[in-house]
>>> print(open('work09.txt').read())   # compact mmCIF, C-alpha atoms
# COMPACT_ATOMS: atom_id res chain seq x y z
CA MET A 1 -34.88 -9.29 32.56
CA SER A 2 -34.78 -5.59 33.31
CA VAL A 3 -31.72 -3.38 33.08
CA GLY A 4 -29.95 -3.19 36.41
CA SER A 5 -31.07 -6.59 37.65
CA THR A 6 -28.38 -8.59 39.42
CA GLU A 7 -30.02 -12.03 39.41
CA ARG A 8 -29.02 -13.93 36.27
CA GLU A 9 -31.93 -15.32 34.30
CA PHE A 10 -31.17 -18.69 32.69
CA MET A 11 -33.24 -19.43 29.62
CA LYS A 12 -33.44 -22.95 28.21
CA GLY A 13 -32.75 -22.87 24.48
CA CYS A 14 -30.56 -19.76 24.77
CA LEU A 15 -27.12 -20.80 23.48
CA ALA A 16 -25.28 -18.15 25.52
CA CYS A 17 -27.08 -19.18 28.73
CA GLU A 18 -26.47 -22.87 28.07
CA LEU A 19 -22.76 -22.32 27.39
CA MET A 20 -22.35 -20.28 30.59
CA ASP A 21 -24.41 -22.80 32.58
CA GLY A 22 -22.44 -25.78 31.27
CA THR A 23 -25.53 -27.35 29.66
CA ARG A 24 -23.70 -27.15 26.31
CA GLU A 25 -19.97 -27.52 25.81
CA VAL A 26 -17.64 -24.92 24.36
CA PRO A 27 -14.03 -25.67 23.34
CA GLY A 28 -11.78 -25.06 26.32
CA GLY A 29 -14.63 -23.99 28.62
CA THR A 30 -15.04 -20.53 30.06
CA VAL A 31 -11.84 -18.55 29.55
CA ALA A 32 -12.57 -15.64 31.91
CA GLU A 33 -15.48 -13.98 33.63
CA ASP A 34 -16.50 -11.31 36.08
CA GLU A 35 -19.87 -10.43 37.56
CA HIS A 36 -21.16 -9.01 34.23
CA TRP A 37 -19.27 -10.79 31.43
CA ALA A 38 -18.13 -14.25 30.34
CA VAL A 39 -15.57 -15.16 27.68
CA ASP A 40 -15.34 -18.36 25.69
CA HIS A 41 -14.06 -19.43 22.30
CA CYS A 42 -16.33 -18.41 19.44
CA LEU A 43 -18.37 -21.26 17.92
CA GLY A 44 -18.50 -19.58 14.53
CA PRO A 45 -16.32 -19.09 11.47
CA PHE A 46 -13.99 -16.45 12.93
CA GLY A 47 -10.97 -18.74 13.16
CA VAL A 48 -8.91 -20.30 15.89
CA GLY A 49 -8.39 -17.76 18.64
CA ALA A 50 -11.66 -15.88 18.16
CA PHE A 51 -13.43 -15.27 21.45
CA VAL A 52 -16.83 -14.03 22.52
CA LEU A 53 -17.17 -11.57 25.38
CA LYS A 54 -20.86 -11.78 26.24
CA THR A 55 -23.14 -10.30 28.86
CA LYS A 56 -24.27 -12.72 31.50
CA GLU A 57 -27.69 -11.07 31.37
CA HIS A 58 -30.02 -10.80 28.40
CA ARG A 59 -29.41 -7.48 26.66
CA ASP A 60 -30.83 -6.44 23.31
CA SER A 61 -28.54 -3.48 22.59
CA LEU A 62 -25.57 -1.46 23.79
CA TRP A 63 -27.83 1.18 25.32
CA THR A 64 -29.56 -1.34 27.60
CA MET A 65 -26.33 -2.33 29.36
CA THR A 66 -26.12 -1.48 33.03
CA ASP A 67 -23.57 1.06 34.20
CA GLY A 68 -21.54 -1.83 35.63
CA GLU A 69 -21.56 -3.72 32.32
CA ALA A 70 -20.60 -0.59 30.40
CA ALA A 71 -17.82 0.31 32.85
CA THR A 72 -16.19 -3.13 32.67
CA ALA A 73 -16.63 -3.86 28.93
CA GLY A 74 -13.75 -1.68 27.75
CA PRO A 75 -11.17 -2.93 30.24
CA PHE A 76 -12.25 -6.53 29.58
CA LEU A 77 -11.90 -6.06 25.80
CA ARG A 78 -8.47 -4.47 26.27
CA ARG A 79 -7.20 -7.35 28.43
CA LEU A 80 -8.66 -10.02 26.13
CA SER A 81 -7.21 -8.39 23.00
CA GLN A 82 -3.75 -8.20 24.57
CA ALA A 83 -3.98 -11.83 25.70
CA ILE A 84 -4.81 -12.93 22.13
CA ILE A 85 -1.75 -11.05 20.84
CA ASP A 86 0.56 -12.40 23.55
CA ALA A 87 -0.68 -15.99 23.82
CA LEU A 88 -1.48 -16.72 20.18
CA GLY A 89 0.90 -14.48 18.25
CA ALA A 90 -1.85 -12.53 16.48
CA GLU A 91 -0.74 -9.49 14.54
CA ARG A 92 -4.02 -7.61 14.90
CA VAL A 93 -7.26 -8.12 16.82
CA TYR A 94 -10.68 -7.07 15.49
CA VAL A 95 -13.88 -6.58 17.46
CA THR A 96 -17.40 -6.93 16.09
CA VAL A 97 -20.67 -6.72 18.00
CA TRP A 98 -23.58 -9.13 17.51
CA VAL A 99 -27.03 -8.90 19.06
CA ASP A 100 -29.17 -10.52 16.40
CA ALA A 101 -31.60 -13.08 17.70
CA PRO A 102 -33.71 -13.40 20.83
CA PRO A 103 -33.00 -14.19 23.55
CA HIS A 104 -30.38 -11.49 23.28
CA HIS A 105 -26.94 -11.27 24.88
CA MET A 106 -24.41 -8.63 23.88
CA HIS A 107 -21.69 -10.52 21.97
CA PHE A 108 -18.38 -8.83 21.33
CA VAL A 109 -16.57 -11.17 18.93
CA VAL A 110 -12.84 -10.58 19.41
CA TRP A 111 -11.00 -12.23 16.56
CA PRO A 112 -7.37 -12.36 15.50
CA ARG A 113 -5.47 -11.74 12.29
CA TYR A 114 -2.24 -13.70 12.22
CA PRO A 115 0.93 -12.69 10.34
CA GLY A 116 0.59 -13.29 6.61
CA GLU A 117 -3.22 -13.26 6.61
CA PRO A 118 -5.23 -10.72 4.59
CA LYS A 119 -6.86 -7.65 6.12
CA ALA A 120 -10.23 -7.79 7.88
CA SER A 121 -12.80 -7.84 5.05
CA GLN A 122 -10.93 -10.44 2.98
CA LEU A 123 -10.08 -12.46 6.08
CA GLU A 124 -13.68 -12.52 7.28
CA ALA A 125 -14.88 -13.80 3.88
CA ARG A 126 -12.17 -16.47 3.79
CA ARG A 127 -12.97 -17.68 7.30
CA ARG A 128 -16.69 -17.85 6.53
CA GLU A 129 -15.86 -20.12 3.59
CA GLU A 130 -13.68 -22.31 5.82
CA GLY A 131 -16.38 -22.65 8.49
CA MET A 132 -15.90 -23.44 12.15
CA PRO A 133 -12.32 -24.41 13.06
CA ASP A 134 -11.15 -27.69 14.57
CA TRP A 135 -12.52 -28.24 18.11
CA ASP A 136 -9.15 -29.25 19.59
CA ALA A 137 -7.39 -26.23 18.08
CA MET A 138 -10.06 -23.95 19.58
CA ALA A 139 -9.72 -25.64 22.98
CA ASP A 140 -5.95 -25.18 22.88
CA ALA A 141 -6.32 -21.49 22.02
CA ALA A 142 -8.79 -21.11 24.91
CA ARG A 143 -6.32 -22.72 27.30
CA ARG A 144 -3.45 -20.48 26.18
CA VAL A 145 -5.49 -17.27 26.42
CA ARG A 146 -6.89 -18.31 29.83
CA GLU A 147 -3.35 -18.93 31.12
CA ARG A 148 -2.24 -15.52 29.83
CA LEU A 149 -5.18 -13.76 31.50
CA GLU A 150 -4.56 -15.59 34.78
CA ARG A 151 -1.01 -14.20 34.94
CA GLU A 152 -2.36 -10.66 35.38
>>> encode(input="work09.txt", output="structure tokens")
Amino acid sequence: MSVGSTEREFMKGCLACELMDGTREVPGGTVAEDEHWAVDHCLGPFGVGAFVLKTKEHRDSLWTMTDGEAATAGPFLRRLSQAIIDALGAERVYVTVWVDAPPHHMHFVVWPRYPGEPKASQLEARRREEGMPDWDAMADAARRVRERLERE
């Protein structure tokens, strides 16, 4: 799909598309969305309360985002980060960007560090060892963050 297109292209076999479409389930469902972005709980080893802010369109890099996507990414990340702090009691929130495998979607992984946990590099290694968190705990975190975002 070309940059600037407004009609969303669904691609079978694309995990991001299937999660947004409801073909595949994500813990707690969609947490928030606007015309360019969707947020749901991360399905990887980033811990309970890690969320993915992803483009609704296929994008292979930051520089292929539309002006609308670029303009709303920062405010969306700010709101989501604050909601993770407020709703889940995180001490710090980290953001990483993933665009690794076709079909591409920009994925900002927004993940928390809770009080008493090690700093980012040690925490990331520990969480990778632990693997994906409990489904119900992720769904509960999604619910709490959604409720916090809805109060704005």
>>> residues_around(input="work09.txt", residues="Asp140 in chain A", least_positions_apart="6", cutoff="10 Å", atoms="all atoms listed in the file", output="PyMOL selection string")
chain A and resi 27-28+41+48-49+88+146
>>> write_last_selection(input="work09.txt", atoms="C-alpha atoms", output="CSV table (one decimal), in the frame of the given file")
chain,number,residue,atom,x,y,z
A,27,PRO,CA,-14.0,-25.7,23.3
A,28,GLY,CA,-11.8,-25.1,26.3
A,41,HIS,CA,-14.1,-19.4,22.3
A,48,VAL,CA,-8.9,-20.3,15.9
A,49,GLY,CA,-8.4,-17.8,18.6
A,88,LEU,CA,-1.5,-16.7,20.2
A,146,ARG,CA,-6.9,-18.3,29.8
>>> closest_residue(input="work09.txt", among="A:Leu123, A:Trp135, A:His105, A:Pro115", to="Met65 in chain A", atoms="only C-alpha atoms")
A:His105
>>> closest_residue(input="work09.txt", among="A:Val109, A:His104, A:Gly44, A:Gly74", to="Glu57 in chain A", atoms="all atoms listed in the file")
A:His104
>>> closest_residue(input="work09.txt", among="A:Val26, A:Ala50, A:Ala83, A:Ala38", to="Glu124 in chain A", atoms="all atoms listed in the file")
A:Ala50
>>> atom_distance(input="work09.txt", atom1="CA of Leu53 in chain A", atom2="CA of Glu150 in chain A")
16.2 Å
>>> residues_near_point(input="work09.txt", point="(-4.4, -10.8, 36.2)", cutoff="12 Å", atoms="only C-alpha atoms", output="short mmCIF file (atom, residue, chain, number, x, y, z; two decimals) with C-alpha atoms, keeping the file's coordinate frame")
data_model
loop_
_atom_site.label_atom_id
_atom_site.label_comp_id
_atom_site.auth_asym_id
_atom_site.auth_seq_id
_atom_site.Cartn_x
_atom_site.Cartn_y
_atom_site.Cartn_z
CA ALA A 32 -12.57 -15.64 31.91
CA GLU A 33 -15.48 -13.98 33.63
CA PRO A 75 -11.17 -2.93 30.24
CA PHE A 76 -12.25 -6.53 29.58
CA ARG A 79 -7.20 -7.35 28.43
CA LEU A 80 -8.66 -10.02 26.13
CA GLN A 82 -3.75 -8.20 24.57
CA ALA A 83 -3.98 -11.83 25.70
CA VAL A 145 -5.49 -17.27 26.42
CA ARG A 146 -6.89 -18.31 29.83
CA GLU A 147 -3.35 -18.93 31.12
CA ARG A 148 -2.24 -15.52 29.83
CA LEU A 149 -5.18 -13.76 31.50
CA GLU A 150 -4.56 -15.59 34.78
CA ARG A 151 -1.01 -14.20 34.94
CA GLU A 152 -2.36 -10.66 35.38
#
>>> closest_residue(input="work09.txt", among="A:Lys54, A:Arg113, A:Arg144, A:Arg78", to="Val93 in chain A", atoms="all atoms listed in the file")
A:Arg113
>>> decode(input="work09.txt", residues="range 57-86 of chain A", atoms="N, CA and C atoms", output="PDB file, in the first residue's frame")
ATOM      1  N   GLU A  57      -1.833   0.798   8.719  1.00  0.00           N
ATOM      2  CA  GLU A  57      -1.372   0.513   7.354  1.00  0.00           C
ATOM      3  C   GLU A  57      -0.020  -0.183   7.388  1.00  0.00           C
ATOM      4  N   HIS A  58       0.315  -0.868   6.313  1.00  0.00           N
ATOM      5  CA  HIS A  58       1.635  -1.468   6.189  1.00  0.00           C
ATOM      6  C   HIS A  58       2.653  -0.354   5.955  1.00  0.00           C
ATOM      7  N   ARG A  59       3.671  -0.326   6.809  1.00  0.00           N
ATOM      8  CA  ARG A  59       4.759   0.643   6.705  1.00  0.00           C
ATOM      9  C   ARG A  59       6.060  -0.106   6.967  1.00  0.00           C
ATOM     10  N   ASP A  60       7.071   0.159   6.165  1.00  0.00           N
ATOM     11  CA  ASP A  60       8.327  -0.577   6.356  1.00  0.00           C
ATOM     12  C   ASP A  60       9.401   0.231   7.076  1.00  0.00           C
ATOM     13  N   SER A  61       9.105   1.482   7.431  1.00  0.00           N
ATOM     14  CA  SER A  61      10.102   2.303   8.120  1.00  0.00           C
ATOM     15  C   SER A  61       9.457   3.582   8.633  1.00  0.00           C
ATOM     16  N   LEU A  62      10.162   4.264   9.512  1.00  0.00           N
ATOM     17  CA  LEU A  62       9.669   5.540  10.036  1.00  0.00           C
ATOM     18  C   LEU A  62       9.461   6.554   8.922  1.00  0.00           C
ATOM     19  N   TRP A  63      10.351   6.588   7.954  1.00  0.00           N
ATOM     20  CA  TRP A  63      10.294   7.609   6.917  1.00  0.00           C
ATOM     21  C   TRP A  63       9.193   7.375   5.883  1.00  0.00           C
ATOM     22  N   THR A  64       8.507   6.235   5.950  1.00  0.00           N
ATOM     23  CA  THR A  64       7.387   6.021   5.033  1.00  0.00           C
ATOM     24  C   THR A  64       6.037   6.326   5.682  1.00  0.00           C
ATOM     25  N   MET A  65       6.058   6.776   6.942  1.00  0.00           N
ATOM     26  CA  MET A  65       4.801   7.159   7.577  1.00  0.00           C
ATOM     27  C   MET A  65       4.208   8.371   6.863  1.00  0.00           C
ATOM     28  N   THR A  66       2.894   8.457   6.864  1.00  0.00           N
ATOM     29  CA  THR A  66       2.231   9.635   6.329  1.00  0.00           C
ATOM     30  C   THR A  66       2.410  10.785   7.317  1.00  0.00           C
ATOM     31  N   ASP A  67       2.125  11.985   6.863  1.00  0.00           N
ATOM     32  CA  ASP A  67       2.187  13.133   7.763  1.00  0.00           C
ATOM     33  C   ASP A  67       1.213  12.957   8.925  1.00  0.00           C
ATOM     34  N   GLY A  68       0.038  12.405   8.651  1.00  0.00           N
ATOM     35  CA  GLY A  68      -0.944  12.163   9.703  1.00  0.00           C
ATOM     36  C   GLY A  68      -0.453  11.158  10.736  1.00  0.00           C
ATOM     37  N   GLU A  69       0.165  10.071  10.272  1.00  0.00           N
ATOM     38  CA  GLU A  69       0.718   9.078  11.198  1.00  0.00           C
ATOM     39  C   GLU A  69       1.819   9.693  12.046  1.00  0.00           C
ATOM     40  N   ALA A  70       2.701  10.437  11.411  1.00  0.00           N
ATOM     41  CA  ALA A  70       3.811  11.062  12.132  1.00  0.00           C
ATOM     42  C   ALA A  70       3.303  12.082  13.145  1.00  0.00           C
ATOM     43  N   ALA A  71       2.309  12.855  12.770  1.00  0.00           N
ATOM     44  CA  ALA A  71       1.786  13.905  13.657  1.00  0.00           C
ATOM     45  C   ALA A  71       1.088  13.336  14.885  1.00  0.00           C
ATOM     46  N   THR A  72       0.482  12.161  14.766  1.00  0.00           N
ATOM     47  CA  THR A  72      -0.266  11.598  15.890  1.00  0.00           C
ATOM     48  C   THR A  72       0.527  10.580  16.700  1.00  0.00           C
ATOM     49  N   ALA A  73       1.671  10.117  16.206  1.00  0.00           N
ATOM     50  CA  ALA A  73       2.462   9.111  16.925  1.00  0.00           C
ATOM     51  C   ALA A  73       2.946   9.627  18.275  1.00  0.00           C
ATOM     52  N   GLY A  74       3.538  10.800  18.299  1.00  0.00           N
ATOM     53  CA  GLY A  74       4.076  11.347  19.550  1.00  0.00           C
ATOM     54  C   GLY A  74       3.013  11.544  20.615  1.00  0.00           C
ATOM     55  N   PRO A  75       1.916  12.236  20.295  1.00  0.00           N
ATOM     56  CA  PRO A  75       0.868  12.390  21.292  1.00  0.00           C
ATOM     57  C   PRO A  75       0.284  11.054  21.771  1.00  0.00           C
ATOM     58  N   PHE A  76       0.164  10.091  20.866  1.00  0.00           N
ATOM     59  CA  PHE A  76      -0.364   8.776  21.249  1.00  0.00           C
ATOM     60  C   PHE A  76       0.606   8.078  22.204  1.00  0.00           C
ATOM     61  N   LEU A  77       1.898   8.134  21.898  1.00  0.00           N
ATOM     62  CA  LEU A  77       2.907   7.525  22.779  1.00  0.00           C
ATOM     63  C   LEU A  77       2.910   8.196  24.148  1.00  0.00           C
ATOM     64  N   ARG A  78       2.769   9.503  24.172  1.00  0.00           N
ATOM     65  CA  ARG A  78       2.745  10.236  25.447  1.00  0.00           C
ATOM     66  C   ARG A  78       1.554   9.789  26.293  1.00  0.00           C
ATOM     67  N   ARG A  79       0.370   9.741  25.698  1.00  0.00           N
ATOM     68  CA  ARG A  79      -0.831   9.337  26.436  1.00  0.00           C
ATOM     69  C   ARG A  79      -0.737   7.894  26.926  1.00  0.00           C
ATOM     70  N   LEU A  80      -0.262   7.001  26.055  1.00  0.00           N
ATOM     71  CA  LEU A  80      -0.141   5.591  26.421  1.00  0.00           C
ATOM     72  C   LEU A  80       0.869   5.404  27.546  1.00  0.00           C
ATOM     73  N   SER A  81       1.997   6.074  27.464  1.00  0.00           N
ATOM     74  CA  SER A  81       3.020   5.964  28.516  1.00  0.00           C
ATOM     75  C   SER A  81       2.470   6.421  29.857  1.00  0.00           C
ATOM     76  N   GLN A  82       1.767   7.550  29.859  1.00  0.00           N
ATOM     77  CA  GLN A  82       1.189   8.061  31.104  1.00  0.00           C
ATOM     78  C   GLN A  82       0.142   7.100  31.652  1.00  0.00           C
ATOM     79  N   ALA A  83      -0.658   6.501  30.778  1.00  0.00           N
ATOM     80  CA  ALA A  83      -1.675   5.550  31.216  1.00  0.00           C
ATOM     81  C   ALA A  83      -1.039   4.318  31.858  1.00  0.00           C
ATOM     82  N   ILE A  84       0.088   3.860  31.323  1.00  0.00           N
ATOM     83  CA  ILE A  84       0.789   2.709  31.913  1.00  0.00           C
ATOM     84  C   ILE A  84       1.295   3.055  33.312  1.00  0.00           C
ATOM     85  N   ILE A  85       1.825   4.260  33.472  1.00  0.00           N
ATOM     86  CA  ILE A  85       2.286   4.707  34.792  1.00  0.00           C
ATOM     87  C   ILE A  85       1.100   4.771  35.758  1.00  0.00           C
ATOM     88  N   ASP A  86       0.043   5.459  35.353  1.00  0.00           N
ATOM     89  CA  ASP A  86      -1.105   5.680  36.235  1.00  0.00           C
ATOM     90  C   ASP A  86      -1.881   4.409  36.540  1.00  0.00           C
TER      91      ASP A  86
END
